[in-house]
>>> print(open('upload-v2.cif').read())   # mmCIF, C-alpha atoms; chains and numbers go by the auth columns
data_coords
#
loop_
_atom_site.group_PDB
_atom_site.id
_atom_site.type_symbol
_atom_site.label_atom_id
_atom_site.label_comp_id
_atom_site.label_asym_id
_atom_site.label_seq_id
_atom_site.Cartn_x
_atom_site.Cartn_y
_atom_site.Cartn_z
_atom_site.B_iso_or_equiv
_atom_site.auth_seq_id
_atom_site.auth_asym_id
ATOM 1 C CA VAL A 1 165.924 191.459 40.241 0.00 1 A
ATOM 2 C CA LEU A 2 169.687 191.183 40.222 0.00 2 A
ATOM 3 C CA VAL A 3 170.440 192.884 43.562 0.00 3 A
ATOM 4 C CA VAL A 4 168.487 194.237 46.526 0.00 4 A
ATOM 5 C CA LYS A 5 169.619 197.364 48.363 0.00 5 A
ATOM 6 C CA THR A 6 169.372 197.412 52.148 0.00 6 A
ATOM 7 C CA HIS A 7 170.626 199.525 55.020 0.00 7 A
ATOM 8 C CA GLU A 8 169.830 196.778 57.529 0.00 8 A
ATOM 9 C CA TRP A 9 172.309 194.428 59.170 0.00 9 A
ATOM 10 C CA GLY A 10 172.232 191.409 61.441 0.00 10 A
ATOM 11 C CA PRO A 11 171.074 187.800 61.070 0.00 11 A
ATOM 12 C CA HIS A 12 167.506 188.723 60.138 0.00 12 A
ATOM 13 C CA ALA A 13 168.738 190.997 57.340 0.00 13 A
ATOM 14 C CA TRP A 14 171.172 188.363 56.031 0.00 14 A
ATOM 15 C CA ALA A 15 168.786 185.398 56.076 0.00 15 A
ATOM 16 C CA PRO A 16 167.484 185.653 52.490 0.00 16 A
ATOM 17 C CA TYR A 17 170.924 186.024 50.877 0.00 17 A
ATOM 18 C CA THR A 18 173.886 183.858 49.939 0.00 18 A
ATOM 19 C CA LYS A 19 176.004 186.721 48.568 0.00 19 A
ATOM 20 C CA ALA A 20 176.373 190.377 49.463 0.00 20 A
ATOM 21 C CA ILE A 21 177.950 193.429 47.877 0.00 21 A
ATOM 22 C CA LEU A 22 179.014 195.807 50.619 0.00 22 A
ATOM 23 C CA LEU A 23 179.241 199.369 49.298 0.00 23 A
ATOM 24 C CA ILE A 24 181.439 201.318 51.699 0.00 24 A
ATOM 25 C CA ARG A 25 181.423 205.097 51.606 0.00 25 A
ATOM 26 C CA ASP A 26 183.754 207.364 53.562 0.00 26 A
ATOM 27 C CA PRO A 27 181.878 208.042 56.827 0.00 27 A
ATOM 28 C CA GLU A 28 182.390 211.802 56.768 0.00 28 A
ATOM 29 C CA ARG A 29 180.835 212.085 53.308 0.00 29 A
ATOM 30 C CA ALA A 30 178.171 209.466 54.043 0.00 30 A
ATOM 31 C CA ILE A 31 176.988 211.263 57.176 0.00 31 A
ATOM 32 C CA LEU A 32 176.834 214.596 55.374 0.00 32 A
ATOM 33 C CA ALA A 33 174.943 213.045 52.441 0.00 33 A
ATOM 34 C CA GLU A 34 172.407 211.462 54.796 0.00 34 A
ATOM 35 C CA PHE A 35 171.923 214.723 56.685 0.00 35 A
ATOM 36 C CA ASN A 36 171.303 216.475 53.370 0.00 36 A
ATOM 37 C CA ARG A 37 168.889 213.730 52.262 0.00 37 A
ATOM 38 C CA GLN A 38 166.906 213.882 55.481 0.00 38 A
ATOM 39 C CA SER A 39 166.859 217.685 55.507 0.00 39 A
ATOM 40 C CA GLY A 40 166.567 218.528 51.809 0.00 40 A
ATOM 41 C CA GLY A 41 165.321 215.402 50.050 0.00 41 A
ATOM 42 C CA HIS A 42 167.139 213.253 47.493 0.00 42 A
ATOM 43 C CA VAL A 43 168.547 216.184 45.532 0.00 43 A
ATOM 44 C CA GLY A 44 168.415 219.047 48.057 0.00 44 A
ATOM 45 C CA PHE A 45 170.644 220.246 50.856 0.00 45 A
ATOM 46 C CA ALA A 46 170.358 220.954 54.540 0.00 46 A
ATOM 47 C CA SER A 47 170.314 224.685 55.158 0.00 47 A
ATOM 48 C CA PRO A 48 173.251 225.977 57.226 0.00 48 A
ATOM 49 C CA ASP A 49 170.945 226.719 60.173 0.00 49 A
ATOM 50 C CA ARG A 50 169.996 222.993 60.347 0.00 50 A
ATOM 51 C CA TYR A 51 173.496 222.262 61.665 0.00 51 A
ATOM 52 C CA ARG A 52 172.988 224.785 64.452 0.00 52 A
ATOM 53 C CA ARG A 53 169.515 223.564 65.452 0.00 53 A
ATOM 54 C CA THR A 54 169.204 223.135 69.231 0.00 54 A
ATOM 55 C CA LYS A 55 172.563 224.889 69.608 0.00 55 A
ATOM 56 C CA GLY A 56 174.247 222.181 67.561 0.00 56 A
ATOM 57 C CA ARG A 57 173.094 219.303 69.770 0.00 57 A
ATOM 58 C CA TYR A 58 170.915 217.813 67.018 0.00 58 A
ATOM 59 C CA TRP A 59 173.813 217.727 64.522 0.00 59 A
ATOM 60 C CA THR A 60 176.216 216.386 67.167 0.00 60 A
ATOM 61 C CA GLN A 61 173.853 213.539 68.046 0.00 61 A
ATOM 62 C CA PHE A 62 173.140 212.883 64.366 0.00 62 A
ATOM 63 C CA VAL A 63 176.872 212.478 63.661 0.00 63 A
ATOM 64 C CA LYS A 64 177.324 210.207 66.681 0.00 64 A
ATOM 65 C CA ASN A 65 174.353 207.994 65.726 0.00 65 A
ATOM 66 C CA LYS A 66 175.249 207.760 62.040 0.00 66 A
ATOM 67 C CA LEU A 67 178.919 207.023 62.734 0.00 67 A
ATOM 68 C CA TRP A 68 177.874 204.167 65.026 0.00 68 A
ATOM 69 C CA ALA A 69 175.469 202.840 62.367 0.00 69 A
ATOM 70 C CA TRP A 70 178.160 203.162 59.656 0.00 70 A
ATOM 71 C CA GLU A 71 180.593 201.119 61.744 0.00 71 A
ATOM 72 C CA GLN A 72 178.010 198.472 62.694 0.00 72 A
ATOM 73 C CA THR A 73 176.662 198.055 59.172 0.00 73 A
ATOM 74 C CA ASN A 74 180.045 197.649 57.529 0.00 74 A
ATOM 75 C CA LEU A 75 181.612 195.377 60.138 0.00 75 A
ATOM 76 C CA SER A 76 178.476 193.314 60.560 0.00 76 A
ATOM 77 C CA TRP A 77 178.121 192.487 56.867 0.00 77 A
ATOM 78 C CA ALA A 78 181.867 192.079 56.288 0.00 78 A
ATOM 79 C CA LYS A 79 182.660 189.965 59.341 0.00 79 A
ATOM 80 C CA ASN A 80 179.480 188.114 60.303 0.00 80 A
ATOM 81 C CA PHE A 81 177.579 187.432 57.091 0.00 81 A
ATOM 82 C CA THR A 82 178.144 183.747 56.323 0.00 82 A
ATOM 83 C CA GLY A 83 177.848 184.060 52.546 0.00 83 A
ATOM 84 C CA GLU A 84 180.312 185.534 50.087 0.00 84 A
ATOM 85 C CA VAL A 85 180.913 189.273 50.410 0.00 85 A
ATOM 86 C CA LYS A 86 182.310 191.604 47.768 0.00 86 A
ATOM 87 C CA LEU A 87 183.678 194.846 49.183 0.00 87 A
ATOM 88 C CA VAL A 88 183.182 197.871 46.948 0.00 88 A
ATOM 89 C CA PHE A 89 184.490 201.226 48.093 0.00 89 A
ATOM 90 C CA TYR A 90 182.286 204.061 46.890 0.00 90 A
ATOM 91 C CA ASP A 91 185.228 206.198 45.751 0.00 91 A
ATOM 92 C CA ASP A 92 186.538 203.301 43.644 0.00 92 A
ATOM 93 C CA LEU A 93 183.092 202.895 42.063 0.00 93 A
ATOM 94 C CA VAL A 94 182.912 206.605 41.215 0.00 94 A
ATOM 95 C CA GLU A 95 186.475 206.595 39.847 0.00 95 A
ATOM 96 C CA ASN A 96 186.013 203.463 37.731 0.00 96 A
ATOM 97 C CA VAL A 97 182.317 202.784 37.173 0.00 97 A
ATOM 98 C CA GLU A 98 182.722 200.348 34.308 0.00 98 A
ATOM 99 C CA GLY A 99 185.496 198.291 35.886 0.00 99 A
ATOM 100 C CA THR A 100 183.672 198.118 39.199 0.00 100 A
ATOM 101 C CA LEU A 101 180.391 197.086 37.555 0.00 101 A
ATOM 102 C CA ARG A 102 182.175 194.374 35.565 0.00 102 A
ATOM 103 C CA SER A 103 183.762 193.120 38.775 0.00 103 A
ATOM 104 C CA ILE A 104 180.376 193.043 40.513 0.00 104 A
ATOM 105 C CA LEU A 105 178.814 191.135 37.609 0.00 105 A
ATOM 106 C CA ARG A 106 181.647 188.569 37.770 0.00 106 A
ATOM 107 C CA PHE A 107 181.095 188.207 41.531 0.00 107 A
ATOM 108 C CA LEU A 108 177.401 187.539 40.864 0.00 108 A
ATOM 109 C CA ASN A 109 178.271 185.049 38.087 0.00 109 A
ATOM 110 C CA TYR A 110 176.192 187.165 35.741 0.00 110 A
ATOM 111 C CA SER A 111 177.279 187.448 32.148 0.00 111 A
ATOM 112 C CA THR A 112 177.843 190.966 30.900 0.00 112 A
ATOM 113 C CA ASP A 113 175.399 192.213 28.309 0.00 113 A
ATOM 114 C CA GLU A 114 177.504 194.920 26.637 0.00 114 A
ATOM 115 C CA GLU A 115 174.431 196.810 25.424 0.00 115 A
ATOM 116 C CA LEU A 116 172.908 196.959 28.898 0.00 116 A
ATOM 117 C CA LEU A 117 176.237 197.922 30.432 0.00 117 A
ATOM 118 C CA ALA A 118 176.636 200.746 27.905 0.00 118 A
ATOM 119 C CA CYS A 119 173.119 201.931 28.787 0.00 119 A
ATOM 120 C CA ALA A 120 173.907 201.857 32.514 0.00 120 A
ATOM 121 C CA LEU A 121 177.137 203.788 31.966 0.00 121 A
ATOM 122 C CA MET A 122 175.334 206.405 29.893 0.00 122 A
ATOM 123 C CA ARG A 123 172.830 206.919 32.722 0.00 123 A
ATOM 124 C CA LYS A 124 175.219 206.539 35.646 0.00 124 A
ATOM 125 C CA GLU A 125 174.292 209.878 37.210 0.00 125 A
ATOM 126 C CA GLY A 126 170.692 208.793 37.755 0.00 126 A
ATOM 127 C CA ILE A 127 167.835 211.050 38.824 0.00 127 A
ATOM 128 C CA TYR A 128 168.806 211.247 42.503 0.00 128 A
ATOM 129 C CA ARG A 129 172.156 212.900 42.031 0.00 129 A
ATOM 130 C CA ARG A 130 172.789 215.830 44.337 0.00 130 A
ATOM 131 C CA LYS A 131 174.854 218.582 42.729 0.00 131 A
ATOM 132 C CA LYS A 132 178.146 219.469 44.394 0.00 132 A
ATOM 133 C CA ARG A 133 178.004 222.190 47.010 0.00 133 A
ATOM 134 C CA ILE A 134 180.844 223.626 49.009 0.00 134 A
ATOM 135 C CA LEU A 135 179.816 224.602 52.515 0.00 135 A
ATOM 136 C CA GLN A 136 181.183 227.910 53.684 0.00 136 A
ATOM 137 C CA PHE A 137 181.970 226.314 57.039 0.00 137 A
ATOM 138 C CA ASP A 138 183.104 222.936 58.344 0.00 138 A
ATOM 139 C CA PRO A 139 180.081 221.312 59.994 0.00 139 A
ATOM 140 C CA TYR A 140 182.320 218.874 61.861 0.00 140 A
ATOM 141 C CA SER A 141 183.929 219.945 65.125 0.00 141 A
ATOM 142 C CA PRO A 142 187.498 218.839 65.898 0.00 142 A
ATOM 143 C CA ALA A 143 186.054 216.161 68.224 0.00 143 A
ATOM 144 C CA MET A 144 183.788 214.892 65.446 0.00 144 A
ATOM 145 C CA HIS A 145 186.703 214.779 62.989 0.00 145 A
ATOM 146 C CA ALA A 146 188.754 212.810 65.530 0.00 146 A
ATOM 147 C CA ALA A 147 185.938 210.306 66.162 0.00 147 A
ATOM 148 C CA ILE A 148 185.315 209.863 62.428 0.00 148 A
ATOM 149 C CA ASP A 149 189.034 209.450 61.681 0.00 149 A
ATOM 150 C CA GLU A 150 189.340 206.836 64.422 0.00 150 A
ATOM 151 C CA LYS A 151 186.320 204.790 63.262 0.00 151 A
ATOM 152 C CA ARG A 152 187.297 205.102 59.597 0.00 152 A
ATOM 153 C CA ALA A 153 190.780 203.762 60.369 0.00 153 A
ATOM 154 C CA GLU A 154 189.404 200.896 62.487 0.00 154 A
ATOM 155 C CA VAL A 155 186.785 199.822 59.956 0.00 155 A
ATOM 156 C CA TYR A 156 189.003 200.226 56.907 0.00 156 A
ATOM 157 C CA ALA A 157 191.769 198.225 58.607 0.00 157 A
ATOM 158 C CA ALA A 158 189.274 195.473 59.489 0.00 158 A
ATOM 159 C CA LEU A 159 188.220 195.429 55.830 0.00 159 A
ATOM 160 C CA GLY A 160 191.814 195.325 54.583 0.00 160 A
ATOM 161 C CA ARG A 161 191.984 198.897 53.285 0.00 161 A
ATOM 162 C CA TYR A 162 194.790 200.892 54.817 0.00 162 A
ATOM 163 C CA ASP A 163 194.609 204.142 52.810 0.00 163 A
ATOM 164 C CA ALA A 164 191.926 205.333 55.182 0.00 164 A
ATOM 165 C CA HIS A 165 191.898 209.018 54.295 0.00 165 A
#
>>> encode(input="upload-v2.cif", output="structure tokens")
Amino acid sequence: VLVVKTHEWGPHAWAPYTKAILLIRDPERAILAEFNRQSGGHVGFASPDRYRRTKGRYWTQFVKNKLWAWEQTNLSWAKNFTGEVKLVFYDDLVENVEGTLRSILRFLNYSTDEELLACALMRKEGIYRRKKRILQFDPYSPAMHAAIDEKRAEVYAALGRYDAH
């Protein structure tokens, strides 16, 4: 096993590791992806009425909870983990899969097997890839957008990324 994926944070989560790769996704997209995953499975989507469940209170609380968790996870690993941390922004990974993977392998002091890398690049979409879907409405209220923008700017600045949106 080369890497272990976790959504946990805090001293108990860090204990087994000396290095960490922190994959940071834009919170607005991450929250929407998680809502779709929880509502429609790994490749499905939340139906539009799921956003309106309990007169929108469920979605509002979901956004609030997931934004808090996004902030805590990223800042906790980046600022408090005592081992080495490599920051990888999801959009950079998507834009440059090969370069990002090579950078990760260097960080792990793992030599690149060109055949295995070519195989990984050929199968980069994986089996849990949700197709693109354009919602016919914006599920985020102006207050939600403002809260997300504020947290994104704070976290990205703390991580040294200033092109927050």
>>> resolve_selection(input="upload-v2.cif", expression="the PyMOL selection byres ((chain A and resi 53-64) around 12)", output="number ranges by chain")
A: 27-36, 38-39, 46-52, 65-71, 139-148, 151
>>> closest_residue(input="upload-v2.cif", among="A:Lys124, A:Asn74, A:Ala20, A:Leu93", to="Phe107 in chain A", atoms="only C-alpha atoms")
A:Ala20
>>> closest_residue(input="upload-v2.cif", among="A:Ala13, A:Cys119, A:Leu23, A:Val3", to="Leu105 in chain A", atoms="only C-alpha atoms")
A:Val3
>>> residues_around(input="upload-v2.cif", residues="Glu98 in chain A", least_positions_apart="4", cutoff="10 Å", atoms="only C-alpha atoms", output="PyMOL selection string")
chain A and resi 93-94+102-104+117-118+120-121+124
>>> residues_around(input="upload-v2.cif", residues="range 83-85 of chain A", least_positions_apart="2", cutoff="9 Å", atoms="all atoms listed in the file", output="short mmCIF file (atom, residue, chain, number, x, y, z; two decimals) with C-alpha atoms, keeping the file's coordinate frame")
data_model
loop_
_atom_site.label_atom_id
_atom_site.label_comp_id
_atom_site.auth_asym_id
_atom_site.auth_seq_id
_atom_site.Cartn_x
_atom_site.Cartn_y
_atom_site.Cartn_z
CA TRP A 14 171.17 188.36 56.03
CA TYR A 17 170.92 186.02 50.88
CA THR A 18 173.89 183.86 49.94
CA LYS A 19 176.00 186.72 48.57
CA ALA A 20 176.37 190.38 49.46
CA ILE A 21 177.95 193.43 47.88
CA LEU A 22 179.01 195.81 50.62
CA TRP A 77 178.12 192.49 56.87
CA ALA A 78 181.87 192.08 56.29
CA ASN A 80 179.48 188.11 60.30
CA PHE A 81 177.58 187.43 57.09
CA LEU A 87 183.68 194.85 49.18
CA PHE A 107 181.10 188.21 41.53
#
>>> closest_residue(input="upload-v2.cif", among="A:His12, A:Lys132, A:Arg123, A:Lys5", to="Ser76 in chain A", atoms="only C-alpha atoms")
A:His12
>>> resolve_selection(input="upload-v2.cif", expression="the PyMOL selection byres ((chain A and resi 92) around 12)", output="ChimeraX atom specification")
/A:23-26,87-91,93-101,103,161
>>> axis_aligned_box(input="upload-v2.cif", around="range 56-70 of chain A", padding_each_side="4 Å", output="JSON")
{"center_x": 174.9, "center_y": 212.5, "center_z": 64.7, "size_x": 16.0, "size_y": 27.3, "size_z": 18.1}
